[in-house]
Each structure stands twice: as structure tokens, then as C-alpha cells.
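For reference, the structure discussed in these notes is given below.
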Amino acid sequence: MINLIVADDHVVVRQALCEMLRGKGSYAVMAEASDGQELLDLLRSHQPDVIILDMNMPKLDGMATLEKLHSITNCPPVLVLSANEGERNVRAALKAGARGYILKNAAIDELEFAINSLVDGKTYLSPAVVAPLMSNGNTENPLESPLTVLTKREIEILTHLADGKPNREIAKMLHISTRTVDTHRSNILKKLKVKTNAELVKIAITNGLITV
């Protein structure tokens with residue numbers, strides 16, 4: 001059982017998220033917080049495996065909370081759950097100590113994958129936020145990356161392939177056919193000029209899609 005604390009100031013959203021996670025049978029929501037300060041107070045008596053943190057909260061927002069969490073010894077990994085996919089927000093959250101960043105419109109399967117990745121000591125970034133981070137159009141901090149030739153969907157599939165997910169499981173998670181996953185994989189191999197999944201894993205690790 002994976003223990004969670006969920007921090008989000010929108011009560012309906014927070015309660016719905018907690019119910020969905022509890023319904024999966026693999027997660028226990030130990031406590032809920034409506035702002036950053038409440039979360040910090042809860043951590044005095046709770047030790048979750050993962051913290052799910054909204055960025056826009058009153059009193060102490062997500063960014064300020066991340067900075068305070070960063071100073072806590074043995075702080076659990078933090079998965080940011082946000083409606084904002086802006087590059088600056090993602091970079092700032094990661095710099096402040098977040099281990100994952102997922103969008104609020106993500107499917108529950110992706111949320112589960114993200115939580116499990118953090119529990120396994122990995123980092124997870126929603127594919128929708130990875131593409132802008134890899135874009136050479138960022139004049140402030142351009143990233144030289146071979147992934148700039150891939151579409152958002154291809155980056156998403158590459159991430160799952162590199163993490164060892166079989167095509168059938170990827171298809172189920174993304175609600176597409178196995179044949180479509182096969183086609184995307186072929187296109188990814190061609191664009192990146194590699195031939196094997198092992199080479200894809202190496203590229204994914206080098207460019208921060210997955211960690212080992």
C-alpha cells in the first residue's frame with residue numbers, strides 16, 4: 001500500500017481525486033490539506049510515501065511549500081499536480097525540489113504511473129510538459145536534445161517504452177491501439193536514428209525522461 005497526502009485547496013477536486021485513488025486499492029490517503037501550511041503541519045505526524053501538491057493554493061502556495069519541504073530531512077518525494085503546463089512553472093517546480101510534474105487533465109492511469117515512478121525513486125514529467133522543456137525555441141536556456149524532433153505523443157510513448165512498458169500496456173494506458181504504438185515506435189526509432197529499445201533507454205536517461 002502506498003501512503004499519500006494530497007494538498008489542494010479545491011475541496012471537490014481534492015475529494016474526488018482521493019476517492020479515485022482509494023478506489024484503486026493500492027493507495028491509502030493518510031490526510032488531506034487545503035494549503036501549504038496545513039501540509040507542513042500534517043508532516044509532523046504523518047510520513048507518506050508521496051506528496052501530491054497543487055501549485056495554486058492560499059496562505060502558502062505550491063512553490064513556497066516546495067522550498068520549505070526542501071529543508072525537511074527525509075522529505076517524501078513531491079508530485080506536482082497542476083493545470084499550468086508553462087515551461088517556467090515546470091522548471092521552477094523542479095528546481096525547488098519537485099520530483100514529478102503532472103497535469104490535472106491527466107488520466108488516472110498516468111497519475112498512478114507517476115506516483116509509482118516516484119516511489120521507485122524515479123522522476124516523472126507529464127509528456128505534455130516535456131516537449132516545451134526540450135524545445136530549442138527557449139532562448140533563455142536552450143536544450144540541445146535529439147528529442148526536439150519528436151512530437152508530444154512520441155515523447156510520451158518513448159518515456160513508457162524506456163521504462164520497460166510493453167506495447168500492449170502502453171496502448172491501454174493511452175487508449176490507443178497496439179498497432180498505433182508500434183507505428184509510433186517505428187517512427188521514433190527512425191527519427192532518433194537508432195535500432196533497439198536499449199538505445200532508446202539510453203537516450204531517455206541522458207535527456208532526463210527517466211532515471212535509474
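Naming works like this for the C-alpha cells: A, B, ... for the chains as they're shown, residue 1 at the start of each chain, ligands 1 onward in shown order.
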
Worksheet item: Hey, what's within 6 Å of range 67-79 of chain A if we count only C-alpha atoms and toss same-chain stuff fewer than 3 positions away? As a list of chain:residue names, please?
Response: A:Asp49, A:Val50, A:Ile51, A:Ile52, A:Ala64, A:Ala96, A:Ala98, A:Arg99, A:Gly100, A:Tyr101

Worksheet item: Residues at most 10 Å from Asn116 in chain A, counting only C-alpha atoms, excluding those fewer than 6 positions away in the same chain, as a ChimeraX atom specification?
Response: /A:2,49-50,110,122-124

Worksheet item: chain A: which residues are alpha helix (DSSP H) by DSSP, as an MDAnalysis selection string?
Response: chainID A and resid 11:23 36:42 62:69 87:95 108:119 127:134 152:162 167:174 178:192 197:206

Worksheet entry | Those of range 39-151 of chain A in DSSP strand (DSSP E or B), formatted as a PyMOL selection string | chain A and resi 50-54+78-82+100-103+124-125

Item to complete: Show which residues sit within 10 Å of Leu111 in chain A, as number ranges by chain. Count only C-alpha atoms, and ignore same-chain residues fewer than 6 positions away.
Response: A: 21, 79, 81, 101-105, 117, 124, 126

Atoms to include: N, CA and C atoms. Write the selected residues as a PDB file, in the first residue's frame.
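What follows is the written file result_31.pdb:
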ATOM      1  N   LEU A  21      -8.247   7.487  -6.038  1.00  0.00           N
ATOM      2  CA  LEU A  21      -7.031   6.781  -5.650  1.00  0.00           C
ATOM      3  C   LEU A  21      -7.345   5.662  -4.655  1.00  0.00           C
ATOM      4  N   LEU A  79       4.993  15.109  -5.933  1.00  0.00           N
ATOM      5  CA  LEU A  79       4.437  15.106  -7.279  1.00  0.00           C
ATOM      6  C   LEU A  79       3.535  16.323  -7.416  1.00  0.00           C
ATOM      7  N   LEU A  81       0.797  18.487  -9.055  1.00  0.00           N
ATOM      8  CA  LEU A  81      -0.402  18.292  -9.878  1.00  0.00           C
ATOM      9  C   LEU A  81      -0.922  19.682 -10.212  1.00  0.00           C
ATOM     10  N   TYR A 101       5.951  16.086 -12.164  1.00  0.00           N
ATOM     11  CA  TYR A 101       5.045  17.166 -12.566  1.00  0.00           C
ATOM     12  C   TYR A 101       4.042  16.581 -13.535  1.00  0.00           C
ATOM     13  N   ILE A 102       2.764  16.610 -13.147  1.00  0.00           N
ATOM     14  CA  ILE A 102       1.713  16.026 -13.971  1.00  0.00           C
ATOM     15  C   ILE A 102       0.556  17.019 -14.070  1.00  0.00           C
ATOM     16  N   LEU A 103      -0.126  17.011 -15.191  1.00  0.00           N
ATOM     17  CA  LEU A 103      -1.216  17.963 -15.413  1.00  0.00           C
ATOM     18  C   LEU A 103      -2.534  17.451 -14.842  1.00  0.00           C
ATOM     19  N   LYS A 104      -3.397  18.366 -14.461  1.00  0.00           N
ATOM     20  CA  LYS A 104      -4.666  17.993 -13.837  1.00  0.00           C
ATOM     21  C   LYS A 104      -5.621  17.293 -14.805  1.00  0.00           C
ATOM     22  N   ASN A 105      -5.381  17.443 -16.105  1.00  0.00           N
ATOM     23  CA  ASN A 105      -6.250  16.761 -17.069  1.00  0.00           C
ATOM     24  C   ASN A 105      -5.720  15.380 -17.446  1.00  0.00           C
ATOM     25  N   SER A 117       6.270   5.742 -10.100  1.00  0.00           N
ATOM     26  CA  SER A 117       7.623   6.111 -10.528  1.00  0.00           C
ATOM     27  C   SER A 117       8.371   6.797  -9.396  1.00  0.00           C
ATOM     28  N   TYR A 124       9.157  11.723 -12.726  1.00  0.00           N
ATOM     29  CA  TYR A 124       8.151  11.627 -13.789  1.00  0.00           C
ATOM     30  C   TYR A 124       7.691  13.019 -14.204  1.00  0.00           C
ATOM     31  N   SER A 126       5.024  14.775 -16.989  1.00  0.00           N
ATOM     32  CA  SER A 126       3.969  14.536 -17.959  1.00  0.00           C
ATOM     33  C   SER A 126       4.494  14.867 -19.352  1.00  0.00           C
TER      34      SER A 126
END

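Using only C-alpha atoms for every distance, the candidate list A:Leu161, A:Ile108, A:Val194, A:Leu118 yields A:Ile108 as the residue closest to Met173 in chain A.
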
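Straight-line separation from CA of Glu199 in chain A to CA of Asp163 in chain A: 12.4 Å.
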
Item to complete: Tell me, as an NGL selection string, which residues lie within 12 Å of range 3-6 of chain A, counting only C-alpha atoms; anything in the same chain fewer than 2 positions away does not count.
Response: :A and (1 or 8-11 or 13-19 or 21-22 or 25-36 or 38-43 or 45-55 or 76-81 or 112 or 115-116 or 118-119)

Same residues, C-alpha atoms, output as a PDB file, in the first residue's frame:
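Contents of the output file result.pdb:
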ATOM      1  CA  MET A   1       0.000   0.000   0.000  1.00  0.00           C
ATOM      2  CA  ASP A   8      -5.234  21.046  -2.999  1.00  0.00           C
ATOM      3  CA  ASP A   9      -7.397  23.998  -1.989  1.00  0.00           C
ATOM      4  CA  HIS A  10     -10.316  22.974  -4.228  1.00  0.00           C
ATOM      5  CA  VAL A  11     -12.323  20.707  -1.937  1.00  0.00           C
ATOM      6  CA  VAL A  13     -11.312  18.302  -6.796  1.00  0.00           C
ATOM      7  CA  ARG A  14      -9.295  17.066  -3.826  1.00  0.00           C
ATOM      8  CA  GLN A  15     -12.014  14.768  -2.528  1.00  0.00           C
ATOM      9  CA  ALA A  16     -12.708  13.343  -5.985  1.00  0.00           C
ATOM     10  CA  LEU A  17      -9.011  12.658  -6.515  1.00  0.00           C
ATOM     11  CA  CYS A  18      -8.700  10.971  -3.126  1.00  0.00           C
ATOM     12  CA  GLU A  19     -11.745   8.777  -3.769  1.00  0.00           C
ATOM     13  CA  LEU A  21      -7.031   6.781  -5.650  1.00  0.00           C
ATOM     14  CA  ARG A  22      -8.579   4.904  -2.730  1.00  0.00           C
ATOM     15  CA  GLY A  25      -6.897  -0.420  -3.863  1.00  0.00           C
ATOM     16  CA  SER A  26      -3.156   0.305  -3.963  1.00  0.00           C
ATOM     17  CA  TYR A  27      -3.199   3.712  -2.305  1.00  0.00           C
ATOM     18  CA  ALA A  28      -4.052   4.991   1.169  1.00  0.00           C
ATOM     19  CA  VAL A  29      -4.709   8.725   1.505  1.00  0.00           C
ATOM     20  CA  MET A  30      -3.418   9.401   5.008  1.00  0.00           C
ATOM     21  CA  ALA A  31      -4.532  13.016   5.123  1.00  0.00           C
ATOM     22  CA  GLU A  32      -5.713  15.962   3.039  1.00  0.00           C
ATOM     23  CA  ALA A  33      -4.509  19.563   3.139  1.00  0.00           C
ATOM     24  CA  SER A  34      -6.112  22.714   1.752  1.00  0.00           C
ATOM     25  CA  ASP A  35      -2.931  24.815   1.721  1.00  0.00           C
ATOM     26  CA  GLY A  36       0.820  24.544   2.099  1.00  0.00           C
ATOM     27  CA  GLU A  38      -1.617  22.708   6.579  1.00  0.00           C
ATOM     28  CA  LEU A  39       0.516  20.223   4.656  1.00  0.00           C
ATOM     29  CA  LEU A  40       3.630  21.160   6.620  1.00  0.00           C
ATOM     30  CA  ASP A  41       1.701  20.726   9.879  1.00  0.00           C
ATOM     31  CA  LEU A  42       0.470  17.286   8.785  1.00  0.00           C
ATOM     32  CA  LEU A  43       4.022  16.134   8.077  1.00  0.00           C
ATOM     33  CA  SER A  45       2.613  13.441  12.465  1.00  0.00           C
ATOM     34  CA  HIS A  46       2.414  11.667   9.088  1.00  0.00           C
ATOM     35  CA  GLN A  47       5.087  10.087   6.923  1.00  0.00           C
ATOM     36  CA  PRO A  48       3.623   9.497   3.443  1.00  0.00           C
ATOM     37  CA  ASP A  49       5.425   7.787   0.580  1.00  0.00           C
ATOM     38  CA  VAL A  50       4.439  10.561  -1.838  1.00  0.00           C
ATOM     39  CA  ILE A  51       3.003  14.074  -1.516  1.00  0.00           C
ATOM     40  CA  ILE A  52       0.630  15.234  -4.258  1.00  0.00           C
ATOM     41  CA  LEU A  53       0.816  19.021  -4.342  1.00  0.00           C
ATOM     42  CA  ASP A  54      -1.282  21.629  -6.134  1.00  0.00           C
ATOM     43  CA  MET A  55       0.608  24.791  -7.070  1.00  0.00           C
ATOM     44  CA  PRO A  76       8.884  12.344   0.833  1.00  0.00           C
ATOM     45  CA  PRO A  77       9.033  12.899  -2.945  1.00  0.00           C
ATOM     46  CA  VAL A  78       6.632  15.534  -4.218  1.00  0.00           C
ATOM     47  CA  LEU A  79       4.437  15.106  -7.279  1.00  0.00           C
ATOM     48  CA  VAL A  80       3.136  18.452  -8.507  1.00  0.00           C
ATOM     49  CA  LEU A  81      -0.402  18.292  -9.878  1.00  0.00           C
ATOM     50  CA  GLU A 112      -0.818   6.029 -10.998  1.00  0.00           C
ATOM     51  CA  ILE A 115       3.087   8.007  -8.245  1.00  0.00           C
ATOM     52  CA  ASN A 116       4.642   4.578  -8.708  1.00  0.00           C
ATOM     53  CA  LEU A 118       8.341   8.414  -7.586  1.00  0.00           C
ATOM     54  CA  VAL A 119       8.007   5.539  -5.113  1.00  0.00           C
TER      55      VAL A 119
END

Worksheet entry | Val201 in chain A environment, 8 Å, only C-alpha atoms, sequence neighbours closer than 3 positions dropped, as a PyMOL selection string | chain A and resi 161-163+197-198+204-205
